[in-house]
Structures are given as C-alpha cells and as structure tokens.
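Worksheet: one structure, shown below.
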Amino acid sequence: SKGNYKHFMEKEMHEQPEVIQHTLSNYIDFASGKVRLKSELPFSFKDLRRITMSACGTAYIAGLVAKYWFERYARIPVDIDVASEFRYREAPMEEGGLSLFISQSGETADTLASLRYCRENGQHIASIVNVQESTIARESDAIFPTIAGPEIGVASTKAFTCQLSVLLSLVILAARERGKITVEEEAELVQAVSELPKFIRQALKLSEPITHIARRLSKVDNILYLGRGTSFPLALEGALKLKEISYIHAEAYAAGELKHGPIALIDESMPVVVIAPFDGSYEKTVSNMQEVAARDGQIILITDEEGAKHNSLEDCDVVVMPKVPEILSPIVYALPIQLLAYHTADFMGTDVDQPRNLAKSVTVE
Ligand code: M6R
C-alpha cells in the first residue's frame, strides 16, 4: 500500500535511507571498516583485466557511474553499453573477464541476451538484481542482490540508489584486492559510506524548495541537464526520469559537450539543470553554466554549500545539498533529481506510477 503517500514513487523515494542501509549491511562490515561479502566469489578482482557491463535504462546509468568508480579507484578498465546494442555488437572478448549485469527485475530481455552472449564467450557472469528469483539471477555465477524491496513505480528510484550502493561496495573491494587502497583508506571509505543514509535523509528534506522549481518546470516544453564526471550519468538519469513521468522533452549532455552543438538550443525559454557538487569538476562545469547564462538560459544549479558560495550568477535557482564525500555524490545527488521529476509530473497531473506507454519490466526486445 502507498500508506500516507500520494504515489508509490513518492513512497519509494522516501524508503531510500532504510533500503540503502539494509543493502549496504549485506556488503560491508561497518564494525571492522571493511567490505565483506556473504559468500566467496567465483572470480577474483585481483586478476581481472576488464569488466564488461551491460544493462538498460536506469540500470545502465548505474553502470555508467560505476565505470567512473572502477576505473578511478580500482584501476580496472570497464566497457559499458546498453544491452540492446551490446547483444548484437559481436564484441570480441578475452576469456576470463568479468561481465556484470544490472537489472531491477532480472527479466529484461536485452540484458538477458547480453548475459548469454558473455557466457558463450567465456566470461564470469555476475549480476546485480533486485528480484532474486529472476531469470538473470538464475543464470549468473554470482548474484549481488539489492535489498530495495518491491519497486512498484515504473520510474526506478530506490532500485537505482541500491544498485549504486552495491556497485560502490564492489569498487572498494576491487580496489583493496588490487592493492590500490590501504587498510586505512578502506576504513575511511567505509566510514564515508556509513553516512549515506544520513545524507539521503538530508537530501529528502529538499523536497519543498524543489517543489517551487518544479512548479515552473511543469510549464516548459524542453529541459537540458548538464554534468561532468559522475554527475554526467546523473544528468542522464535526471532527463530520463523527467521524460518518463512528466512527458517533458529532456536531454542530457556532458557539460563539456555543450559547445559542440546543444548550446545552439539555448534561449530564455530553455531551463538548464546543472549538477555540480563542489569537486574537481566544479569550476569547469560552472564555466559551461556561464555560457548558458550569457544566452539567457534559466539555470537550476544543484550543488553544495561550498558550490553555492562560489556561484556568482545572481539570476539562478540553487538547490543547496549537504556537503558529502566526493565518492558518495552520485548516490546522494540522485535524490534532488528524482524529486524534481516527481514534483514536476505531480503538478502536471500525469499518472506518475504508471506513465503512458511504459511497462515496469521489459521482457521483449
Ligand atoms: O528491470 P530492469 O532494471 O532491467 O529495467 C531496466 C529499465 O527498463 C528501467 O530501468 C527503466 O529505464 C526505468 N523505467 C527507469 O526509470
């Protein structure tokens, strides 16, 4: 039941602190400051030369975030593709690699076909699934469950942040096994991760200021999302969520791509959502944002206190997030993006939980 919530999506967004906590407790031993899996892995991150990921929709976007993490923290090259492309691409694969599939339902046809291709090509098969009795889970050598509970809303919210939580745990494990972090560094990362539920709770409190912005967005026809680094996949997720439930046309670009085309779209009628925590990419993203402002685009900046302090634009909306360790930002910044899509759709009065033309589980290609 929806309890006191208007939609399942709203309820599921608010469940995130709890289900993330629950999911993490399956991967991390907070007392010892270490990642600890419940069962042995049939492969070792230490010897891996490559990870190949494939998935669809929001699950694909979770994988895209993880590519940045695995490459940066564990120094493993990652290939990632949408499953509908990967399955027919005839990608050459070196035997003994790890193929990682991400799926809430565990039944997505293209993801399953990609899994079978990788099995035929000598890969270790691992999957991150929310439905543990699913076909993808059954056909995997290793299963990494998300403990998000049933997700009813067609727009994925809690499954996404739980997928990211599992992926982050695996990244820390891989970094340790490959000797890229020390015991102390692992403990520091685990300490940061232990604060995730708290940060998610703080981000949920931004629902009210975001509602004001959403009221205005509900009247526009097009919206652009920009981000750099791990905020780029977040921009993709923001645009996907918004179009799914509000039917507003939204597109996402890596902020650095702006001047390679999309800037031609900018005028006073174009809102641009800029995702920019105060990290190593902040200055560059903000300079892209100024190019938008110079062409009268309306900016909605999602940043933290430090980022808000450094922002010199007067005429822009700022959503001020809690300051979080850099590695956590893709998980915490998922919240304002979900809330923005949700409230915009709610103002428009669409069927948020069952948007037109969409199915929760896509079992045909
Ligand atoms: O069940 P799966 O995670 O495999 O589903 C993948 C996509 O169909 C799914 O994430 C879809 O994009 C969502 N509706 C996004 O909100």
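Identifiers for the structure tokens are assigned positionally: chains receive A, B, ... in sequence, residues are indexed from 1 per chain, and ligands are indexed from 1 in the order shown.
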
List as a tab-separated table every residue of chain A that is in contact with ligand 1, defined as an atom at most 8 Å from one of its atoms (using only C-alpha atoms and all ligand atoms), together with the nearest atom pair and the distance in Å rounded to one decimal, sorted by chain and then rising number.
```
residue	atom	partner	partner_atom_place_in_ligand_line	distance
A:Ala55	CA	ligand 1	4 (O)	6.4
A:Cys56	CA	ligand 1	6 (C)	4.5
A:Gly57	CA	ligand 1	12 (O)	3.2
A:Thr58	CA	ligand 1	10 (O)	3.7
A:Ala59	CA	ligand 1	10 (O)	4.9
A:Tyr60	CA	ligand 1	10 (O)	7.3
A:Ile102	CA	ligand 1	3 (O)	6.4
A:Ser103	CA	ligand 1	3 (O)	3.4
A:Gln104	CA	ligand 1	3 (O)	3.6
A:Ser105	CA	ligand 1	1 (O)	3.6
A:Gly106	CA	ligand 1	1 (O)	5.7
A:Glu107	CA	ligand 1	1 (O)	6.3
A:Thr108	CA	ligand 1	4 (O)	4.6
A:Thr111	CA	ligand 1	4 (O)	6.8
A:Val129	CA	ligand 1	3 (O)	7.7
A:Val154	CA	ligand 1	14 (N)	5.0
A:Ala155	CA	ligand 1	16 (O)	3.4
A:Ser156	CA	ligand 1	16 (O)	3.9
A:Thr157	CA	ligand 1	16 (O)	6.9
A:Ala159	CA	ligand 1	3 (O)	7.8
A:Phe160	CA	ligand 1	10 (O)	7.9
A:Leu240	CA	ligand 1	15 (C)	7.0
A:Lys241	CA	ligand 1	16 (O)	5.8
A:Glu244	CA	ligand 1	16 (O)	7.1
A:Leu358	CA	ligand 1	14 (N)	7.3
A:Ala359	CA	ligand 1	14 (N)	7.4
A:Lys360	CA	ligand 1	14 (N)	6.1
A:Ser361	CA	ligand 1	1 (O)	5.3
A:Val362	CA	ligand 1	8 (O)	5.8
```

Could those selected residues go to a file with N, CA, C and O atoms, as a short mmCIF file (atom, residue, chain, number, x, y, z; two decimals), in the first residue's frame?
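Full text of part-v9.cif as output:
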```
data_model
loop_
_atom_site.label_atom_id
_atom_site.label_comp_id
_atom_site.auth_asym_id
_atom_site.auth_seq_id
_atom_site.Cartn_x
_atom_site.Cartn_y
_atom_site.Cartn_z
N ALA A 55 23.28 -3.22 -19.49
CA ALA A 55 22.00 -3.07 -18.79
C ALA A 55 21.15 -2.09 -19.61
O ALA A 55 21.61 -1.59 -20.64
N CYS A 56 19.94 -1.85 -19.15
CA CYS A 56 19.04 -0.94 -19.88
C CYS A 56 18.55 0.19 -18.96
O CYS A 56 18.41 -0.01 -17.75
N GLY A 57 18.24 1.30 -19.57
CA GLY A 57 17.57 2.40 -18.85
C GLY A 57 18.36 2.86 -17.64
O GLY A 57 19.57 3.09 -17.70
N THR A 58 17.66 2.97 -16.53
CA THR A 58 18.28 3.46 -15.30
C THR A 58 19.38 2.52 -14.81
O THR A 58 20.39 2.97 -14.26
N ALA A 59 19.20 1.22 -15.01
CA ALA A 59 20.22 0.26 -14.57
C ALA A 59 21.52 0.50 -15.35
O ALA A 59 22.63 0.40 -14.80
N TYR A 60 21.39 0.84 -16.63
CA TYR A 60 22.56 1.18 -17.45
C TYR A 60 23.26 2.42 -16.87
O TYR A 60 24.49 2.49 -16.78
N ILE A 102 23.16 -5.49 -14.65
CA ILE A 102 22.42 -4.78 -13.61
C ILE A 102 20.96 -4.75 -14.04
O ILE A 102 20.65 -4.33 -15.16
N SER A 103 20.07 -5.23 -13.16
CA SER A 103 18.65 -5.25 -13.52
C SER A 103 17.79 -5.32 -12.27
O SER A 103 17.98 -6.21 -11.44
N GLN A 104 16.87 -4.40 -12.14
CA GLN A 104 15.94 -4.44 -11.03
C GLN A 104 15.12 -5.72 -11.12
O GLN A 104 15.09 -6.52 -10.20
N SER A 105 14.45 -5.91 -12.25
CA SER A 105 13.50 -7.03 -12.41
C SER A 105 14.22 -8.36 -12.60
O SER A 105 13.68 -9.42 -12.26
N GLY A 106 15.41 -8.31 -13.20
CA GLY A 106 16.10 -9.56 -13.53
C GLY A 106 15.48 -10.28 -14.71
O GLY A 106 15.81 -11.43 -15.00
N GLU A 107 14.58 -9.62 -15.43
CA GLU A 107 13.88 -10.26 -16.55
C GLU A 107 14.02 -9.49 -17.86
O GLU A 107 13.40 -9.85 -18.85
N THR A 108 14.77 -8.41 -17.89
CA THR A 108 14.85 -7.58 -19.09
C THR A 108 15.48 -8.37 -20.25
O THR A 108 16.59 -8.90 -20.13
N THR A 111 19.02 -7.48 -21.64
CA THR A 111 20.08 -7.73 -20.65
C THR A 111 20.36 -9.23 -20.56
O THR A 111 21.52 -9.66 -20.52
N VAL A 129 20.84 -7.73 -8.98
CA VAL A 129 19.39 -7.82 -9.24
C VAL A 129 18.61 -7.49 -7.98
O VAL A 129 19.09 -7.70 -6.86
N VAL A 154 6.83 2.72 -11.97
CA VAL A 154 7.57 2.38 -13.19
C VAL A 154 8.91 3.12 -13.22
O VAL A 154 9.93 2.58 -13.65
N ALA A 155 8.92 4.34 -12.73
CA ALA A 155 10.18 5.10 -12.66
C ALA A 155 11.03 4.55 -11.52
O ALA A 155 10.62 4.57 -10.36
N SER A 156 12.19 4.07 -11.85
CA SER A 156 13.05 3.45 -10.84
C SER A 156 13.69 4.53 -9.95
O SER A 156 14.23 5.51 -10.43
N THR A 157 13.60 4.33 -8.65
CA THR A 157 14.23 5.28 -7.71
C THR A 157 15.09 4.53 -6.71
O THR A 157 16.32 4.57 -6.77
N ALA A 159 15.60 1.36 -6.44
CA ALA A 159 16.43 0.30 -7.03
C ALA A 159 17.74 0.91 -7.52
O ALA A 159 18.82 0.33 -7.34
N PHE A 160 17.66 2.11 -8.11
CA PHE A 160 18.84 2.79 -8.64
C PHE A 160 19.86 3.09 -7.53
O PHE A 160 21.04 2.74 -7.65
N LEU A 240 16.08 11.27 -18.05
CA LEU A 240 15.26 10.06 -18.25
C LEU A 240 14.04 10.08 -17.32
O LEU A 240 12.90 9.86 -17.75
N LYS A 241 14.29 10.35 -16.05
CA LYS A 241 13.21 10.35 -15.06
C LYS A 241 12.16 11.39 -15.44
O LYS A 241 10.97 11.12 -15.39
N GLU A 244 10.10 10.32 -18.56
CA GLU A 244 9.21 9.18 -18.27
C GLU A 244 7.91 9.60 -17.62
O GLU A 244 6.85 9.12 -17.99
N LEU A 358 4.61 2.88 -21.00
CA LEU A 358 5.74 2.21 -20.34
C LEU A 358 5.29 0.98 -19.54
O LEU A 358 4.19 0.96 -19.01
N ALA A 359 6.19 0.00 -19.46
CA ALA A 359 5.94 -1.16 -18.61
C ALA A 359 7.05 -1.25 -17.58
O ALA A 359 8.17 -0.81 -17.83
N LYS A 360 6.75 -1.80 -16.42
CA LYS A 360 7.77 -1.91 -15.37
C LYS A 360 8.89 -2.85 -15.80
O LYS A 360 10.05 -2.62 -15.50
N SER A 361 8.50 -3.91 -16.47
CA SER A 361 9.53 -4.88 -16.82
C SER A 361 9.42 -5.14 -18.33
O SER A 361 8.35 -5.42 -18.84
N VAL A 362 10.56 -4.99 -19.03
CA VAL A 362 10.53 -5.07 -20.49
C VAL A 362 11.08 -6.42 -20.92
O VAL A 362 12.29 -6.61 -21.09
#
```

Which neighbours of region 248-259 of chain A fall inside 9 Å, counting only C-alpha atoms, when residues of the same chain fewer than 2 positions from it are skipped, and could you give them as a PyMOL selection string?
chain A and resi 217-218+220-229+231-240+242-246+261-264+274+284-285+288-289+291-292+345

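The smallest atom-to-atom distance between Tyr333 (chain A) and any of A:Phe199, A:Asp353, A:Ser269, A:Leu313, using only C-alpha atoms, is found for A:Phe199.
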
So that I can check the surroundings of region 142-152 of chain A, please list as a PyMOL selection string every protein, DNA and RNA residue that reaches within 6 Å of it, counting only C-alpha atoms and ignoring chain neighbours fewer than 2 positions away.
chain A and resi 19+23+126-130+140+159+162

Contacts of Leu170 (chain A) within 8 Å, only C-alpha atoms, excl. fewer than 4 positions in-chain, as an MDAnalysis selection string:
chainID A and resid 35 166 174

Writer output for current selection, N, CA and C atoms, as a PDB file, in the first residue's frame:
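Heads up, here's the output in again-v9.pdb:
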```
ATOM      1  N   VAL A  35      34.840  -4.047   3.534  1.00  0.00           N
ATOM      2  CA  VAL A  35      33.832  -4.688   2.695  1.00  0.00           C
ATOM      3  C   VAL A  35      33.945  -6.189   2.942  1.00  0.00           C
ATOM      4  N   VAL A 166      25.533  -1.086  -4.008  1.00  0.00           N
ATOM      5  CA  VAL A 166      26.210  -2.371  -4.213  1.00  0.00           C
ATOM      6  C   VAL A 166      27.473  -2.152  -5.052  1.00  0.00           C
ATOM      7  N   ALA A 174      37.243  -4.255  -4.877  1.00  0.00           N
ATOM      8  CA  ALA A 174      38.168  -4.419  -6.002  1.00  0.00           C
ATOM      9  C   ALA A 174      39.438  -3.591  -5.775  1.00  0.00           C
TER      10      ALA A 174
END
```

Which residue gives the smallest distance to Leu206 (chain A) among A:Pro92, A:Gly153, A:Gly63, A:Pro322, with only C-alpha atoms counted?
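The answer is A:Pro322, which sits nearest to Leu206 (chain A).
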
Counting only C-alpha atoms, what is within 8 Å of Ile76 (chain A), bar same-chain residues fewer than 6 positions away, as JSON, numbers by chain?
{"A": [48, 49, 50, 51, 70]}

Please indicate the distance in Å from CA of Leu339 (chain A) to CA of Ser207 (chain A), rounded to one decimal place.
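Computing the Euclidean distance for CA of Leu339 (chain A) and CA of Ser207 (chain A) yields 6.3 Å.
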
As JSON, numbers by chain, which residues of region 67-236 of chain A does DSSP assign to alpha helix (DSSP H)?
{"A": [67, 68, 69, 83, 84, 85, 86, 87, 88, 89, 109, 110, 111, 112, 113, 114, 115, 116, 117, 118, 119, 120, 135, 136, 137, 138, 158, 159, 160, 161, 162, 163, 164, 165, 166, 167, 168, 169, 170, 171, 172, 173, 174, 175, 176, 177, 183, 184, 185, 186, 187, 188, 189, 190, 191, 192, 193, 194, 196, 197, 198, 199, 200, 201, 202, 203, 204, 207, 208, 209, 210, 211, 212, 213, 214, 215, 216, 217, 231, 232, 233, 234, 235, 236]}

Using only C-alpha atoms, pick whichever of A:Ala203, A:Val78, A:Ile266, A:Leu168 has the shortest atom-to-atom distance to Val190 (chain A).
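Going through A:Ala203, A:Val78, A:Ile266, A:Leu168 one by one, the smallest distance to Val190 (chain A) is for A:Leu168.
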
Can you list, as a PyMOL selection string, every protein, DNA or RNA residue that comes within 6 Å of Gln123 (chain A) when you count only C-alpha atoms, leaving out same-chain residues fewer than 2 positions away?
chain A and resi 95-98+118-119+121

In Å, with one decimal, what is the gap from CA of Pro271 (chain A) to CA of Gln16 (chain A)?
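Computing it gives 27.9 Å between the two atoms.
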
Given only C-alpha atoms as the counted atoms, nearest of A:Ile181, A:Ala62, A:Val364, A:Val82 to Leu164 (chain A):
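Checking each candidate against Leu164 (chain A), we get A:Ala62 as the closest.
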
Close residues, Ile210 (chain A) itself excluded, 12 Å, only C-alpha atoms, min 4 positions apart in chain, as JSON, numbers by chain:
{"A": [203, 204, 205, 206, 214, 215, 216, 217, 273, 300, 301, 302, 317, 318, 319, 320, 321, 335, 336, 337, 338, 339, 340, 341, 342, 343, 344]}

Pairwise distance, CA of Ile125 (chain A) with CA of Ser25 (chain A), equals 23.2 Å

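Compared by their closest atoms to Tyr247 (chain A), and using only C-alpha atoms, the residues A:Gly349, A:Gly122, A:Gly307, A:Pro330 rank with A:Gly349 nearest.
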
Which is closer to His212 (chain A) than all the others in A:Tyr5, A:Phe347, A:Tyr88, A:Phe30, using only C-alpha atoms?
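Ranked by minimum distance to His212 (chain A), first place goes to A:Phe347.
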
Secondary structure check, strand (DSSP E or B) residues of region 32-107 of chain A, as a ChimeraX atom specification:
/A:34-35,51-55,78-82,98-103

Output N, CA and C atoms for every residue in that selection, as a PDB file, in the first residue's frame.
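Dumped everything to part27.pdb:
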```pdb
ATOM      1  N   LYS A  34      35.422  -2.731   6.842  1.00  0.00           N
ATOM      2  CA  LYS A  34      35.820  -3.492   5.642  1.00  0.00           C
ATOM      3  C   LYS A  34      34.612  -3.936   4.828  1.00  0.00           C
ATOM      4  N   VAL A  35      34.840  -4.047   3.534  1.00  0.00           N
ATOM      5  CA  VAL A  35      33.832  -4.688   2.695  1.00  0.00           C
ATOM      6  C   VAL A  35      33.945  -6.189   2.942  1.00  0.00           C
ATOM      7  N   ILE A  51      36.292  -5.356 -17.029  1.00  0.00           N
ATOM      8  CA  ILE A  51      34.894  -5.628 -16.668  1.00  0.00           C
ATOM      9  C   ILE A  51      34.036  -5.143 -17.831  1.00  0.00           C
ATOM     10  N   THR A  52      33.068  -5.958 -18.224  1.00  0.00           N
ATOM     11  CA  THR A  52      32.130  -5.557 -19.272  1.00  0.00           C
ATOM     12  C   THR A  52      30.755  -5.459 -18.627  1.00  0.00           C
ATOM     13  N   MET A  53      30.132  -4.290 -18.741  1.00  0.00           N
ATOM     14  CA  MET A  53      28.798  -4.163 -18.142  1.00  0.00           C
ATOM     15  C   MET A  53      27.779  -3.933 -19.228  1.00  0.00           C
ATOM     16  N   SER A  54      26.596  -4.487 -19.002  1.00  0.00           N
ATOM     17  CA  SER A  54      25.509  -4.051 -19.861  1.00  0.00           C
ATOM     18  C   SER A  54      24.186  -4.128 -19.127  1.00  0.00           C
ATOM     19  N   ALA A  55      23.278  -3.223 -19.486  1.00  0.00           N
ATOM     20  CA  ALA A  55      22.001  -3.068 -18.794  1.00  0.00           C
ATOM     21  C   ALA A  55      21.154  -2.088 -19.607  1.00  0.00           C
ATOM     22  N   VAL A  78      36.800  -0.585 -17.813  1.00  0.00           N
ATOM     23  CA  VAL A  78      35.396  -1.018 -17.882  1.00  0.00           C
ATOM     24  C   VAL A  78      34.817  -0.644 -19.240  1.00  0.00           C
ATOM     25  N   ASP A  79      34.170  -1.636 -19.863  1.00  0.00           N
ATOM     26  CA  ASP A  79      33.375  -1.364 -21.069  1.00  0.00           C
ATOM     27  C   ASP A  79      31.934  -1.392 -20.653  1.00  0.00           C
ATOM     28  N   ILE A  80      31.169  -0.446 -21.117  1.00  0.00           N
ATOM     29  CA  ILE A  80      29.739  -0.493 -20.792  1.00  0.00           C
ATOM     30  C   ILE A  80      28.926  -0.082 -22.004  1.00  0.00           C
ATOM     31  N   ASP A  81      27.813  -0.762 -22.170  1.00  0.00           N
ATOM     32  CA  ASP A  81      26.943  -0.465 -23.301  1.00  0.00           C
ATOM     33  C   ASP A  81      25.501  -0.760 -22.904  1.00  0.00           C
ATOM     34  N   VAL A  82      24.564  -0.130 -23.611  1.00  0.00           N
ATOM     35  CA  VAL A  82      23.171  -0.525 -23.402  1.00  0.00           C
ATOM     36  C   VAL A  82      23.020  -1.936 -23.973  1.00  0.00           C
ATOM     37  N   LEU A  98      35.243 -10.380 -16.489  1.00  0.00           N
ATOM     38  CA  LEU A  98      34.020 -10.356 -15.688  1.00  0.00           C
ATOM     39  C   LEU A  98      32.958  -9.581 -16.451  1.00  0.00           C
ATOM     40  N   SER A  99      31.777 -10.204 -16.602  1.00  0.00           N
ATOM     41  CA  SER A  99      30.646  -9.483 -17.175  1.00  0.00           C
ATOM     42  C   SER A  99      29.640  -9.239 -16.074  1.00  0.00           C
ATOM     43  N   LEU A 100      29.264  -7.986 -15.939  1.00  0.00           N
ATOM     44  CA  LEU A 100      28.390  -7.588 -14.835  1.00  0.00           C
ATOM     45  C   LEU A 100      27.098  -7.014 -15.413  1.00  0.00           C
ATOM     46  N   PHE A 101      25.992  -7.578 -14.981  1.00  0.00           N
ATOM     47  CA  PHE A 101      24.674  -7.154 -15.478  1.00  0.00           C
ATOM     48  C   PHE A 101      23.907  -6.525 -14.332  1.00  0.00           C
ATOM     49  N   ILE A 102      23.158  -5.485 -14.650  1.00  0.00           N
ATOM     50  CA  ILE A 102      22.417  -4.778 -13.611  1.00  0.00           C
ATOM     51  C   ILE A 102      20.962  -4.750 -14.037  1.00  0.00           C
ATOM     52  N   SER A 103      20.074  -5.233 -13.164  1.00  0.00           N
ATOM     53  CA  SER A 103      18.653  -5.249 -13.516  1.00  0.00           C
ATOM     54  C   SER A 103      17.792  -5.320 -12.265  1.00  0.00           C
TER      55      SER A 103
END
```
